[in-house]
>>> print(open('work_1.cif').read())   # mmCIF, N, CA and C atoms
data_query
#
loop_
_atom_site.group_PDB
_atom_site.id
_atom_site.type_symbol
_atom_site.label_atom_id
_atom_site.label_comp_id
_atom_site.auth_asym_id
_atom_site.auth_seq_id
_atom_site.Cartn_x
_atom_site.Cartn_y
_atom_site.Cartn_z
ATOM 1 N N MET A 59 132.099 168.500 -8.629
ATOM 2 C CA MET A 59 131.703 167.832 -7.409
ATOM 3 C C MET A 59 130.453 168.531 -6.876
ATOM 4 N N SER A 60 129.445 167.740 -6.639
ATOM 5 C CA SER A 60 128.178 168.306 -6.178
ATOM 6 C C SER A 60 128.155 168.415 -4.649
ATOM 7 N N ILE A 61 127.182 169.118 -4.165
ATOM 8 C CA ILE A 61 126.985 169.261 -2.723
ATOM 9 C C ILE A 61 126.782 167.879 -2.093
ATOM 10 N N LYS A 62 126.030 167.038 -2.769
ATOM 11 C CA LYS A 62 125.773 165.696 -2.254
ATOM 12 C C LYS A 62 127.078 164.918 -2.094
ATOM 13 N N ASP A 63 127.979 165.030 -3.071
ATOM 14 C CA ASP A 63 129.275 164.363 -2.992
ATOM 15 C C ASP A 63 130.093 164.876 -1.812
ATOM 16 N N ILE A 64 130.059 166.171 -1.597
ATOM 17 C CA ILE A 64 130.792 166.775 -0.484
ATOM 18 C C ILE A 64 130.249 166.275 0.848
ATOM 19 N N ILE A 65 128.923 166.241 0.982
ATOM 20 C CA ILE A 65 128.298 165.781 2.223
ATOM 21 C C ILE A 65 128.613 164.314 2.466
ATOM 22 N N GLU A 66 128.523 163.485 1.426
ATOM 23 C CA GLU A 66 128.838 162.064 1.570
ATOM 24 C C GLU A 66 130.312 161.866 1.936
ATOM 25 N N GLY A 67 131.175 162.674 1.347
ATOM 26 C CA GLY A 67 132.602 162.603 1.665
ATOM 27 C C GLY A 67 132.868 162.954 3.120
ATOM 28 N N LYS A 68 132.182 163.980 3.614
ATOM 29 C CA LYS A 68 132.350 164.370 5.020
ATOM 30 C C LYS A 68 131.828 163.284 5.951
ATOM 31 N N LYS A 69 130.715 162.671 5.607
ATOM 32 C CA LYS A 69 130.173 161.589 6.430
ATOM 33 C C LYS A 69 131.157 160.418 6.475
ATOM 34 N N ALA A 70 131.707 160.080 5.331
ATOM 35 C CA ALA A 70 132.657 158.970 5.265
ATOM 36 C C ALA A 70 133.911 159.290 6.088
ATOM 37 N N TRP A 71 134.400 160.534 5.988
ATOM 38 C CA TRP A 71 135.599 160.919 6.740
ATOM 39 C C TRP A 71 135.320 160.893 8.242
ATOM 40 N N ARG A 72 134.158 161.369 8.660
ATOM 41 C CA ARG A 72 133.811 161.344 10.088
ATOM 42 C C ARG A 72 133.712 159.906 10.600
ATOM 43 N N ALA A 73 133.182 159.011 9.808
ATOM 44 C CA ALA A 73 133.109 157.602 10.196
ATOM 45 C C ALA A 73 134.521 157.021 10.310
ATOM 46 N N HIS A 74 135.391 157.409 9.383
ATOM 47 C CA HIS A 74 136.783 156.961 9.407
ATOM 48 C C HIS A 74 137.468 157.449 10.685
ATOM 49 N N VAL A 75 137.293 158.713 11.016
ATOM 50 C CA VAL A 75 137.896 159.291 12.225
ATOM 51 C C VAL A 75 137.370 158.594 13.476
ATOM 52 N N ALA A 76 136.094 158.254 13.496
ATOM 53 C CA ALA A 76 135.521 157.545 14.646
ATOM 54 C C ALA A 76 136.175 156.168 14.803
ATOM 55 N N ARG A 77 136.447 155.500 13.692
ATOM 56 C CA ARG A 77 137.131 154.204 13.751
ATOM 57 C C ARG A 77 138.553 154.364 14.275
ATOM 58 N N VAL A 78 139.233 155.440 13.873
ATOM 59 C CA VAL A 78 140.589 155.700 14.361
ATOM 60 C C VAL A 78 140.561 155.921 15.870
ATOM 61 N N LYS A 79 139.598 156.697 16.339
ATOM 62 C CA LYS A 79 139.493 156.983 17.776
ATOM 63 C C LYS A 79 139.187 155.727 18.587
ATOM 64 N N ALA A 80 138.616 154.720 17.967
ATOM 65 C CA ALA A 80 138.292 153.469 18.659
ATOM 66 C C ALA A 80 139.497 152.535 18.775
ATOM 67 N N LEU A 81 140.585 152.844 18.080
ATOM 68 C CA LEU A 81 141.786 152.019 18.158
ATOM 69 C C LEU A 81 142.416 152.120 19.549
ATOM 70 N N PRO A 82 143.159 151.090 19.964
ATOM 71 C CA PRO A 82 143.933 151.213 21.207
ATOM 72 C C PRO A 82 144.932 152.366 21.082
ATOM 73 N N PRO A 83 145.333 152.967 22.197
ATOM 74 C CA PRO A 83 146.200 154.157 22.142
ATOM 75 C C PRO A 83 147.476 153.994 21.312
ATOM 76 N N ASP A 84 148.185 152.862 21.436
ATOM 77 C CA ASP A 84 149.420 152.714 20.671
ATOM 78 C C ASP A 84 149.156 152.657 19.172
ATOM 79 N N TYR A 85 148.104 151.984 18.769
ATOM 80 C CA TYR A 85 147.725 151.933 17.359
ATOM 81 C C TYR A 85 147.310 153.318 16.858
ATOM 82 N N ARG A 86 146.539 154.027 17.670
ATOM 83 C CA ARG A 86 146.055 155.350 17.270
ATOM 84 C C ARG A 86 147.217 156.314 17.058
ATOM 85 N N ILE A 87 148.192 156.285 17.968
ATOM 86 C CA ILE A 87 149.352 157.179 17.834
ATOM 87 C C ILE A 87 150.113 156.881 16.548
ATOM 88 N N VAL A 88 150.387 155.616 16.293
ATOM 89 C CA VAL A 88 151.134 155.237 15.086
ATOM 90 C C VAL A 88 150.325 155.577 13.834
ATOM 91 N N TYR A 89 149.020 155.288 13.851
ATOM 92 C CA TYR A 89 148.180 155.598 12.694
ATOM 93 C C TYR A 89 148.217 157.104 12.399
ATOM 94 N N GLU A 90 148.049 157.918 13.442
ATOM 95 C CA GLU A 90 148.013 159.373 13.235
ATOM 96 C C GLU A 90 149.347 159.907 12.727
ATOM 97 N N GLU A 91 150.456 159.323 13.190
ATOM 98 C CA GLU A 91 151.765 159.755 12.691
ATOM 99 C C GLU A 91 151.948 159.369 11.223
ATOM 100 N N ILE A 92 151.525 158.172 10.857
ATOM 101 C CA ILE A 92 151.613 157.756 9.457
ATOM 102 C C ILE A 92 150.711 158.650 8.598
ATOM 103 N N GLN A 93 149.522 158.936 9.095
ATOM 104 C CA GLN A 93 148.596 159.801 8.350
ATOM 105 C C GLN A 93 149.207 161.183 8.139
ATOM 106 N N LYS A 94 149.814 161.763 9.181
ATOM 107 C CA LYS A 94 150.461 163.074 9.041
ATOM 108 C C LYS A 94 151.556 163.020 7.989
ATOM 109 N N TYR A 95 152.348 161.958 8.029
ATOM 110 C CA TYR A 95 153.433 161.793 7.065
ATOM 111 C C TYR A 95 152.880 161.721 5.644
ATOM 112 N N LEU A 96 151.838 160.921 5.464
ATOM 113 C CA LEU A 96 151.261 160.777 4.125
ATOM 114 C C LEU A 96 150.661 162.091 3.639
ATOM 115 N N PHE A 97 150.027 162.844 4.535
ATOM 116 C CA PHE A 97 149.479 164.138 4.139
ATOM 117 C C PHE A 97 150.593 165.111 3.775
ATOM 118 N N LYS A 98 151.735 165.003 4.445
ATOM 119 C CA LYS A 98 152.851 165.901 4.160
ATOM 120 C C LYS A 98 153.533 165.537 2.848
ATOM 121 N N VAL A 99 153.833 164.254 2.669
ATOM 122 C CA VAL A 99 154.522 163.794 1.467
ATOM 123 C C VAL A 99 153.596 163.872 0.267
ATOM 124 N N GLY A 100 152.346 163.525 0.502
ATOM 125 C CA GLY A 100 151.328 163.682 -0.516
ATOM 126 C C GLY A 100 151.390 162.753 -1.689
ATOM 127 N N PRO A 101 151.190 161.428 -1.471
ATOM 128 C CA PRO A 101 151.059 160.564 -2.650
ATOM 129 C C PRO A 101 149.923 161.074 -3.533
ATOM 130 N N VAL A 102 150.177 161.163 -4.791
ATOM 131 C CA VAL A 102 149.208 161.736 -5.726
ATOM 132 C C VAL A 102 147.878 160.978 -5.679
ATOM 133 N N THR A 103 147.934 159.681 -5.416
ATOM 134 C CA THR A 103 146.722 158.860 -5.416
ATOM 135 C C THR A 103 146.013 158.822 -4.068
ATOM 136 N N LEU A 104 146.525 159.508 -3.044
ATOM 137 C CA LEU A 104 145.933 159.435 -1.706
ATOM 138 C C LEU A 104 144.466 159.846 -1.673
ATOM 139 N N PRO A 105 144.070 160.957 -2.278
ATOM 140 C CA PRO A 105 142.650 161.337 -2.210
ATOM 141 C C PRO A 105 141.715 160.357 -2.926
ATOM 142 N N ASP A 106 142.198 159.703 -3.972
ATOM 143 C CA ASP A 106 141.343 158.815 -4.754
ATOM 144 C C ASP A 106 141.384 157.363 -4.288
ATOM 145 N N GLY A 107 142.444 157.011 -3.581
ATOM 146 C CA GLY A 107 142.653 155.618 -3.218
ATOM 147 C C GLY A 107 142.056 155.248 -1.876
ATOM 148 N N SER A 108 142.354 154.024 -1.492
ATOM 149 C CA SER A 108 141.829 153.505 -0.234
ATOM 150 C C SER A 108 142.956 153.226 0.750
ATOM 151 N N LEU A 109 144.100 153.880 0.580
ATOM 152 C CA LEU A 109 145.275 153.606 1.392
ATOM 153 C C LEU A 109 144.993 153.760 2.886
ATOM 154 N N LEU A 110 144.416 154.870 3.293
ATOM 155 C CA LEU A 110 144.150 155.097 4.718
ATOM 156 C C LEU A 110 143.118 154.124 5.262
ATOM 157 N N GLY A 111 142.102 153.829 4.495
ATOM 158 C CA GLY A 111 141.088 152.871 4.926
ATOM 159 C C GLY A 111 141.663 151.466 5.057
ATOM 160 N N ASP A 112 142.516 151.091 4.116
ATOM 161 C CA ASP A 112 143.163 149.778 4.180
ATOM 162 C C ASP A 112 144.095 149.696 5.385
ATOM 163 N N LEU A 113 144.852 150.768 5.636
ATOM 164 C CA LEU A 113 145.735 150.804 6.790
ATOM 165 C C LEU A 113 144.933 150.693 8.087
ATOM 166 N N LEU A 114 143.831 151.408 8.157
ATOM 167 C CA LEU A 114 142.981 151.354 9.340
ATOM 168 C C LEU A 114 142.427 149.948 9.549
ATOM 169 N N GLY A 115 141.983 149.309 8.499
ATOM 170 C CA GLY A 115 141.493 147.938 8.590
ATOM 171 C C GLY A 115 142.580 146.974 9.068
ATOM 172 N N PHE A 116 143.797 147.157 8.555
ATOM 173 C CA PHE A 116 144.945 146.349 8.960
ATOM 174 C C PHE A 116 145.214 146.522 10.452
ATOM 175 N N PHE A 117 145.157 147.771 10.919
ATOM 176 C CA PHE A 117 145.371 148.055 12.339
ATOM 177 C C PHE A 117 144.241 147.488 13.199
ATOM 178 N N GLU A 118 143.012 147.608 12.742
ATOM 179 C CA GLU A 118 141.886 147.062 13.503
ATOM 180 C C GLU A 118 142.014 145.545 13.643
ATOM 181 N N GLU A 119 142.437 144.906 12.572
ATOM 182 C CA GLU A 119 142.619 143.457 12.598
ATOM 183 C C GLU A 119 143.725 143.067 13.573
ATOM 184 N N GLY A 120 144.848 143.771 13.510
ATOM 185 C CA GLY A 120 145.958 143.486 14.423
ATOM 186 C C GLY A 120 145.581 143.717 15.873
ATOM 187 N N ALA A 121 144.864 144.796 16.129
ATOM 188 C CA ALA A 121 144.423 145.090 17.495
ATOM 189 C C ALA A 121 143.441 144.025 17.976
ATOM 190 N N GLY A 122 142.574 143.579 17.091
ATOM 191 C CA GLY A 122 141.609 142.541 17.427
ATOM 192 C C GLY A 122 142.267 141.217 17.786
ATOM 193 N N GLU A 123 143.433 140.969 17.193
ATOM 194 C CA GLU A 123 144.183 139.745 17.478
ATOM 195 C C GLU A 123 145.066 139.894 18.713
ATOM 196 N N GLY A 124 145.076 141.101 19.298
ATOM 197 C CA GLY A 124 145.856 141.342 20.509
ATOM 198 C C GLY A 124 147.331 141.578 20.271
ATOM 199 N N LYS A 125 147.721 141.857 19.039
ATOM 200 C CA LYS A 125 149.127 142.125 18.716
ATOM 201 C C LYS A 125 149.447 143.583 19.031
ATOM 202 N N GLY A 126 150.679 143.834 19.432
ATOM 203 C CA GLY A 126 151.150 145.209 19.577
ATOM 204 C C GLY A 126 151.377 145.801 18.200
ATOM 205 N N VAL A 127 151.252 147.097 18.095
ATOM 206 C CA VAL A 127 151.365 147.732 16.779
ATOM 207 C C VAL A 127 152.763 147.543 16.182
ATOM 208 N N LEU A 128 153.801 147.614 17.005
ATOM 209 C CA LEU A 128 155.148 147.443 16.464
ATOM 210 C C LEU A 128 155.426 145.990 16.088
ATOM 211 N N ALA A 129 154.756 145.046 16.738
ATOM 212 C CA ALA A 129 154.872 143.648 16.326
ATOM 213 C C ALA A 129 154.233 143.448 14.955
ATOM 214 N N LEU A 130 153.247 144.281 14.644
ATOM 215 C CA LEU A 130 152.525 144.186 13.376
ATOM 216 C C LEU A 130 153.293 144.828 12.222
ATOM 217 N N ILE A 131 153.868 146.010 12.475
ATOM 218 C CA ILE A 131 154.494 146.763 11.379
ATOM 219 C C ILE A 131 156.013 146.772 11.424
ATOM 220 N N GLY A 132 156.594 146.366 12.541
ATOM 221 C CA GLY A 132 158.043 146.413 12.699
ATOM 222 C C GLY A 132 158.451 147.624 13.507
ATOM 223 N N PRO A 133 159.722 147.678 13.901
ATOM 224 C CA PRO A 133 160.175 148.746 14.789
ATOM 225 C C PRO A 133 160.362 150.107 14.110
ATOM 226 N N ASP A 134 160.467 150.137 12.797
ATOM 227 C CA ASP A 134 160.717 151.391 12.074
ATOM 228 C C ASP A 134 159.437 151.869 11.399
ATOM 229 N N VAL A 135 158.739 152.762 12.083
ATOM 230 C CA VAL A 135 157.454 153.264 11.577
ATOM 231 C C VAL A 135 157.655 154.029 10.272
ATOM 232 N N ALA A 136 158.732 154.798 10.187
ATOM 233 C CA ALA A 136 158.995 155.579 8.975
ATOM 234 C C ALA A 136 159.209 154.669 7.766
ATOM 235 N N ALA A 137 159.959 153.597 7.961
ATOM 236 C CA ALA A 137 160.196 152.662 6.851
ATOM 237 C C ALA A 137 158.884 151.998 6.433
ATOM 238 N N PHE A 138 158.030 151.680 7.402
ATOM 239 C CA PHE A 138 156.733 151.097 7.085
ATOM 240 C C PHE A 138 155.900 152.077 6.263
ATOM 241 N N ALA A 139 155.893 153.353 6.679
ATOM 242 C CA ALA A 139 155.121 154.379 5.964
ATOM 243 C C ALA A 139 155.655 154.558 4.543
ATOM 244 N N ASP A 140 156.968 154.570 4.395
ATOM 245 C CA ASP A 140 157.553 154.673 3.053
ATOM 246 C C ASP A 140 157.183 153.470 2.201
ATOM 247 N N GLY A 141 157.149 152.297 2.821
ATOM 248 C CA GLY A 141 156.774 151.092 2.102
ATOM 249 C C GLY A 141 155.334 151.112 1.618
ATOM 250 N N LEU A 142 154.481 151.824 2.353
ATOM 251 C CA LEU A 142 153.077 151.927 1.941
ATOM 252 C C LEU A 142 152.927 152.639 0.601
ATOM 253 N N ILE A 143 153.728 153.667 0.407
ATOM 254 C CA ILE A 143 153.583 154.429 -0.832
ATOM 255 C C ILE A 143 154.525 153.934 -1.920
ATOM 256 N N GLY A 144 155.566 153.185 -1.534
ATOM 257 C CA GLY A 144 156.461 152.572 -2.509
ATOM 258 C C GLY A 144 156.934 153.541 -3.576
ATOM 259 N N ASP A 145 156.706 153.186 -4.820
ATOM 260 C CA ASP A 145 157.140 154.006 -5.953
ATOM 261 C C ASP A 145 156.035 154.924 -6.467
ATOM 262 N N THR A 146 154.986 155.098 -5.660
ATOM 263 C CA THR A 146 153.883 155.973 -6.055
ATOM 264 C C THR A 146 154.383 157.408 -6.177
ATOM 265 N N PRO A 147 154.076 158.083 -7.273
ATOM 266 C CA PRO A 147 154.492 159.482 -7.388
ATOM 267 C C PRO A 147 153.842 160.332 -6.289
ATOM 268 N N THR A 148 154.606 161.281 -5.771
ATOM 269 C CA THR A 148 154.102 162.156 -4.713
ATOM 270 C C THR A 148 154.121 163.602 -5.184
ATOM 271 N N TYR A 149 153.404 164.439 -4.448
ATOM 272 C CA TYR A 149 153.433 165.859 -4.752
ATOM 273 C C TYR A 149 154.826 166.422 -4.499
ATOM 274 N N ALA A 150 155.540 165.859 -3.518
ATOM 275 C CA ALA A 150 156.915 166.286 -3.258
ATOM 276 C C ALA A 150 157.796 165.997 -4.470
ATOM 277 N N ASP A 151 157.608 164.831 -5.096
ATOM 278 C CA ASP A 151 158.355 164.499 -6.318
ATOM 279 C C ASP A 151 158.042 165.504 -7.424
ATOM 280 N N SER A 152 156.769 165.820 -7.572
ATOM 281 C CA SER A 152 156.359 166.781 -8.606
ATOM 282 C C SER A 152 156.988 168.143 -8.365
ATOM 283 N N TYR A 153 157.010 168.557 -7.107
ATOM 284 C CA TYR A 153 157.611 169.855 -6.769
ATOM 285 C C TYR A 153 159.089 169.859 -7.065
ATOM 286 N N GLN A 154 159.790 168.787 -6.675
ATOM 287 C CA GLN A 154 161.221 168.712 -6.934
ATOM 288 C C GLN A 154 161.507 168.730 -8.420
ATOM 289 N N ALA A 155 160.708 168.023 -9.187
ATOM 290 C CA ALA A 155 160.904 167.997 -10.635
ATOM 291 C C ALA A 155 160.681 169.372 -11.247
ATOM 292 N N SER A 156 159.714 170.114 -10.741
ATOM 293 C CA SER A 156 159.439 171.439 -11.299
ATOM 294 C C SER A 156 160.481 172.459 -10.848
ATOM 295 N N ALA A 157 161.155 172.189 -9.729
ATOM 296 C CA ALA A 157 162.152 173.133 -9.210
ATOM 297 C C ALA A 157 163.526 172.934 -9.828
ATOM 298 N N ARG A 158 163.727 171.801 -10.517
ATOM 299 C CA ARG A 158 165.011 171.551 -11.152
ATOM 300 C C ARG A 158 165.213 172.525 -12.304
ATOM 301 N N PRO A 159 166.451 172.992 -12.450
ATOM 302 C CA PRO A 159 166.717 173.883 -13.593
ATOM 303 C C PRO A 159 166.589 173.130 -14.917
ATOM 304 N N LYS A 160 166.047 173.791 -15.872
ATOM 305 C CA LYS A 160 165.897 173.215 -17.215
ATOM 306 C C LYS A 160 167.225 173.332 -17.954
ATOM 307 N N ASP A 161 167.539 172.301 -18.706
ATOM 308 C CA ASP A 161 168.790 172.329 -19.487
ATOM 309 C C ASP A 161 168.624 173.151 -20.724
#
>>> encode(input="work_1.cif", output="structure tokens")
Amino acid sequence: MSIKDIIEGKKAWRAHVARVKALPPDYRIVYEEIQKYLFKVGPVTLPDGSLLGDLLGFFEEGAGEGKGVLALIGPDVAAFADGLIGDTPTYADSYQASARPKD
């Protein structure tokens, strides 16, 4: 990874954060909680994928239509977050697999 890639990545992340800050408060709170969860669970594809950007776009669209965030995703934020990653392998899965005793 070159310096240019790092700088472009930081610019993109700062733009993403600015979009998050522009969300209505209820959307921002839910987005940040889902983001924390995803960073903790660690889907293996999170750094390479567009999951957070797609989620942010979904939230921006819902907010633009005047919908409440829970009307958009349902009452169970945790279940929604789990549904986002589905069967995607996570770092937690990798850790559990490596911690299992070998036969």
>>> atom_distance(input="work_1.cif", atom1="atom N of A:Tyr89", atom2="atom C of A:Ala136")
11.9 Å
>>> resolve_selection(input="work_1.cif", expression="the PyMOL selection byres (((chain A and resi 148 and name CA) around 7) and name CA)", output="list of chain:residue names")
A:Val99, A:Gly100, A:Pro101, A:Val102, A:Thr146, A:Pro147, A:Tyr149, A:Ala150, A:Asp151, A:Ser152
>>> closest_residue(input="work_1.cif", among="A:Phe138, A:Arg158, A:Lys69, A:Asp145", to="A:Ile92", atoms="all atoms listed in the file")
A:Phe138
>>> atom_distance(input="work_1.cif", atom1="atom C of A:Gln93", atom2="atom C of A:Val75")
13.2 Å
>>> axis_aligned_box(input="work_1.cif", around="stretch 116-122 of chain A", padding_each_side="4 Å", output="lines of an AutoDock Vina configuration file")
center_x = 143.8
center_y = 144.6
center_z = 13.3
size_x = 12.3
size_y = 14.8
size_z = 17.4
>>> select_by_dssp(input="work_1.cif", residues="stretch 79-157 of chain A", states="alpha helix (DSSP H)", output="compact mmCIF listing (two decimals) with N, CA and C atoms, in the coordinates of the input")
# COMPACT_ATOMS: atom_id res chain seq x y z
N LYS A 79 139.60 156.70 16.34
CA LYS A 79 139.49 156.98 17.78
C LYS A 79 139.19 155.73 18.59
N PRO A 83 145.33 152.97 22.20
CA PRO A 83 146.20 154.16 22.14
C PRO A 83 147.48 153.99 21.31
N ASP A 84 148.18 152.86 21.44
CA ASP A 84 149.42 152.71 20.67
C ASP A 84 149.16 152.66 19.17
N TYR A 85 148.10 151.98 18.77
CA TYR A 85 147.72 151.93 17.36
C TYR A 85 147.31 153.32 16.86
N ARG A 86 146.54 154.03 17.67
CA ARG A 86 146.06 155.35 17.27
C ARG A 86 147.22 156.31 17.06
N ILE A 87 148.19 156.28 17.97
CA ILE A 87 149.35 157.18 17.83
C ILE A 87 150.11 156.88 16.55
N VAL A 88 150.39 155.62 16.29
CA VAL A 88 151.13 155.24 15.09
C VAL A 88 150.32 155.58 13.83
N TYR A 89 149.02 155.29 13.85
CA TYR A 89 148.18 155.60 12.69
C TYR A 89 148.22 157.10 12.40
N GLU A 90 148.05 157.92 13.44
CA GLU A 90 148.01 159.37 13.24
C GLU A 90 149.35 159.91 12.73
N GLU A 91 150.46 159.32 13.19
CA GLU A 91 151.76 159.76 12.69
C GLU A 91 151.95 159.37 11.22
N ILE A 92 151.52 158.17 10.86
CA ILE A 92 151.61 157.76 9.46
C ILE A 92 150.71 158.65 8.60
N GLN A 93 149.52 158.94 9.10
CA GLN A 93 148.60 159.80 8.35
C GLN A 93 149.21 161.18 8.14
N LYS A 94 149.81 161.76 9.18
CA LYS A 94 150.46 163.07 9.04
C LYS A 94 151.56 163.02 7.99
N TYR A 95 152.35 161.96 8.03
CA TYR A 95 153.43 161.79 7.06
C TYR A 95 152.88 161.72 5.64
N LEU A 96 151.84 160.92 5.46
CA LEU A 96 151.26 160.78 4.12
C LEU A 96 150.66 162.09 3.64
N PHE A 97 150.03 162.84 4.54
CA PHE A 97 149.48 164.14 4.14
C PHE A 97 150.59 165.11 3.78
N LYS A 98 151.74 165.00 4.44
CA LYS A 98 152.85 165.90 4.16
C LYS A 98 153.53 165.54 2.85
N VAL A 99 153.83 164.25 2.67
CA VAL A 99 154.52 163.79 1.47
C VAL A 99 153.60 163.87 0.27
N LEU A 109 144.10 153.88 0.58
CA LEU A 109 145.28 153.61 1.39
C LEU A 109 144.99 153.76 2.89
N LEU A 110 144.42 154.87 3.29
CA LEU A 110 144.15 155.10 4.72
C LEU A 110 143.12 154.12 5.26
N GLY A 111 142.10 153.83 4.50
CA GLY A 111 141.09 152.87 4.93
C GLY A 111 141.66 151.47 5.06
N ASP A 112 142.52 151.09 4.12
CA ASP A 112 143.16 149.78 4.18
C ASP A 112 144.10 149.70 5.38
N LEU A 113 144.85 150.77 5.64
CA LEU A 113 145.74 150.80 6.79
C LEU A 113 144.93 150.69 8.09
N LEU A 114 143.83 151.41 8.16
CA LEU A 114 142.98 151.35 9.34
C LEU A 114 142.43 149.95 9.55
N GLY A 115 141.98 149.31 8.50
CA GLY A 115 141.49 147.94 8.59
C GLY A 115 142.58 146.97 9.07
N PHE A 116 143.80 147.16 8.56
CA PHE A 116 144.94 146.35 8.96
C PHE A 116 145.21 146.52 10.45
N PHE A 117 145.16 147.77 10.92
CA PHE A 117 145.37 148.06 12.34
C PHE A 117 144.24 147.49 13.20
N GLU A 118 143.01 147.61 12.74
CA GLU A 118 141.89 147.06 13.50
C GLU A 118 142.01 145.54 13.64
N GLU A 119 142.44 144.91 12.57
CA GLU A 119 142.62 143.46 12.60
C GLU A 119 143.72 143.07 13.57
N GLY A 120 144.85 143.77 13.51
CA GLY A 120 145.96 143.49 14.42
C GLY A 120 145.58 143.72 15.87
N ALA A 121 144.86 144.80 16.13
CA ALA A 121 144.42 145.09 17.50
C ALA A 121 143.44 144.02 17.98
N GLY A 122 142.57 143.58 17.09
CA GLY A 122 141.61 142.54 17.43
C GLY A 122 142.27 141.22 17.79
N VAL A 127 151.25 147.10 18.10
CA VAL A 127 151.36 147.73 16.78
C VAL A 127 152.76 147.54 16.18
N LEU A 128 153.80 147.61 17.00
CA LEU A 128 155.15 147.44 16.46
C LEU A 128 155.43 145.99 16.09
N ALA A 129 154.76 145.05 16.74
CA ALA A 129 154.87 143.65 16.33
C ALA A 129 154.23 143.45 14.96
N LEU A 130 153.25 144.28 14.64
CA LEU A 130 152.52 144.19 13.38
C LEU A 130 153.29 144.83 12.22
N ILE A 131 153.87 146.01 12.48
CA ILE A 131 154.49 146.76 11.38
C ILE A 131 156.01 146.77 11.42
N VAL A 135 158.74 152.76 12.08
CA VAL A 135 157.45 153.26 11.58
C VAL A 135 157.66 154.03 10.27
N ALA A 136 158.73 154.80 10.19
CA ALA A 136 159.00 155.58 8.98
C ALA A 136 159.21 154.67 7.77
N ALA A 137 159.96 153.60 7.96
CA ALA A 137 160.20 152.66 6.85
C ALA A 137 158.88 152.00 6.43
N PHE A 138 158.03 151.68 7.40
CA PHE A 138 156.73 151.10 7.08
C PHE A 138 155.90 152.08 6.26
N ALA A 139 155.89 153.35 6.68
CA ALA A 139 155.12 154.38 5.96
C ALA A 139 155.66 154.56 4.54
N ASP A 140 156.97 154.57 4.39
CA ASP A 140 157.55 154.67 3.05
C ASP A 140 157.18 153.47 2.20
N GLY A 141 157.15 152.30 2.82
CA GLY A 141 156.77 151.09 2.10
C GLY A 141 155.33 151.11 1.62
N LEU A 142 154.48 151.82 2.35
CA LEU A 142 153.08 151.93 1.94
C LEU A 142 152.93 152.64 0.60
N ILE A 143 153.73 153.67 0.41
CA ILE A 143 153.58 154.43 -0.83
C ILE A 143 154.52 153.93 -1.92
N TYR A 149 153.40 164.44 -4.45
CA TYR A 149 153.43 165.86 -4.75
C TYR A 149 154.83 166.42 -4.50
N ALA A 150 155.54 165.86 -3.52
CA ALA A 150 156.92 166.29 -3.26
C ALA A 150 157.80 166.00 -4.47
N ASP A 151 157.61 164.83 -5.10
CA ASP A 151 158.35 164.50 -6.32
C ASP A 151 158.04 165.50 -7.42
N SER A 152 156.77 165.82 -7.57
CA SER A 152 156.36 166.78 -8.61
C SER A 152 156.99 168.14 -8.36
N TYR A 153 157.01 168.56 -7.11
CA TYR A 153 157.61 169.86 -6.77
C TYR A 153 159.09 169.86 -7.06
N GLN A 154 159.79 168.79 -6.68
CA GLN A 154 161.22 168.71 -6.93
C GLN A 154 161.51 168.73 -8.42
N ALA A 155 160.71 168.02 -9.19
CA ALA A 155 160.90 168.00 -10.64
C ALA A 155 160.68 169.37 -11.25
N SER A 156 159.71 170.11 -10.74
CA SER A 156 159.44 171.44 -11.30
C SER A 156 160.48 172.46 -10.85
N ALA A 157 161.16 172.19 -9.73
CA ALA A 157 162.15 173.13 -9.21
C ALA A 157 163.53 172.93 -9.83
>>> closest_residue(input="work_1.cif", among="A:Asp112, A:Glu91, A:Glu118, A:Asp134", to="A:Val78", atoms="only C-alpha atoms")
A:Glu118
>>> closest_residue(input="work_1.cif", among="A:Val135, A:Leu128, A:Leu110, A:Ala121", to="A:Trp71", atoms="only C-alpha atoms")
A:Leu110
>>> atom_distance(input="work_1.cif", atom1="atom C of A:Leu113", atom2="atom CA of A:Asp63")
23.6 Å
